[in-house]
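> Once you've had a glance at the structure underneath, I'll fire off some questions.
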Amino acid sequence: MNAADLQKFCAAPDDIREGMRQPWSRGKYTYATNGHILLRVARLGDVPENERAPDAAGMIAKIEPPSYWMPVPPATMPPDVKCDECDGTGVIEGEGPDDDSIDCEWCGHTGMMRKRIGVAVADAFFDQGYLSMIQGWKIAPNGFKPAWIRSGNIIGLLMPMTRQ
Ligand SMILES: [Zn+2]
């Protein structure tokens with residue numbers, strides 16, 4: 001997995017969490033995360049360090065090692081649907097300083113969002129879109145705790161959905 005592949009697992013370019021907008025290197029590894037999924041690969045020479053990036057190693061160290069692995073179930077990327085928060089307009093009416101409207105942060109002002117579909121895997125539910133991005137990988141669900149995911153030398157964590 002190279003820097004461009006990792007970029008797909010990062011936060012959006014306009015996300016307020018600056019440290020998550022692109023992959024970063026620290027120690028022996030290179031990481032990528034958007035807050036829902038986190039990946040760790042062997043350090044890539046072309047990915048610089050970033051002081052604003054989160055403590056991924058600390059997050060990984062907190063999660064107990066997996067007791068078993070299972071294949072990620074087949075999943076396709078769900079279609080985009082109208083954003084519920086702004087009803088597809090891309091703006092929220094009357095929330096600005098003078099009752100003016102503001103850009104909808106949920107959909108990044110586009111009016112569309114990826115449809116959220118929970119897929120049951122063992123004792124947890126995961127977002128179908130994320131499962132579609134890790135086809136052929138192994139997963140170790142762990143109830144409401146983050147699941148381990150892996151493929152070859154890549155390891156990571158995937159947050160479960162709290163409800164279907
Ligand atoms: Zn919206």
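Naming scheme: A, B, ... for chains in displayed order of the structure tokens; residues 1 onward per chain; ligands 1 onward as shown.
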Neighbours of ligand 1 at 9 Å or closer, counting only C-alpha atoms and all ligand atoms: which residues, as a PyMOL selection string?

chain A and resi 82-92+103-113

> Hey, what's within 12 Å of Trp69 in chain A if we count only C-alpha atoms and toss same-chain stuff fewer than 5 positions away? As a ChimeraX atom specification, please?

/A:121-122,137-142,147-151

> Name the residues in contact with Ile117 in chain A at a cut-off of 12 Å, using only C-alpha atoms, excluding same-chain residues fewer than 3 positions from it; report them as a list in words.

Ala75, Thr76, Met77, Pro78, Pro79, Asp80, Val81, Met113, Arg114, Ala120, Phe125, Phe126, Asp127, Gln128, Gly129, Tyr130, Leu131, Ser132, Pro160, Met161, Thr162, Arg163 and Gln164 of chain A

> Between CA of Phe144 in chain A and CA of Lys28 in chain A, measure the distance and give it in Å to one decimal.

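That distance, rounded to one decimal, is 29.2 Å.
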
> Nearest to Pro66 in chain A among A:Cys10, A:Ala42, A:Leu157, A:Val47, with distances taken over only C-alpha atoms: which residue is it?

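So, comparing all the options, the nearest one is A:Leu157.
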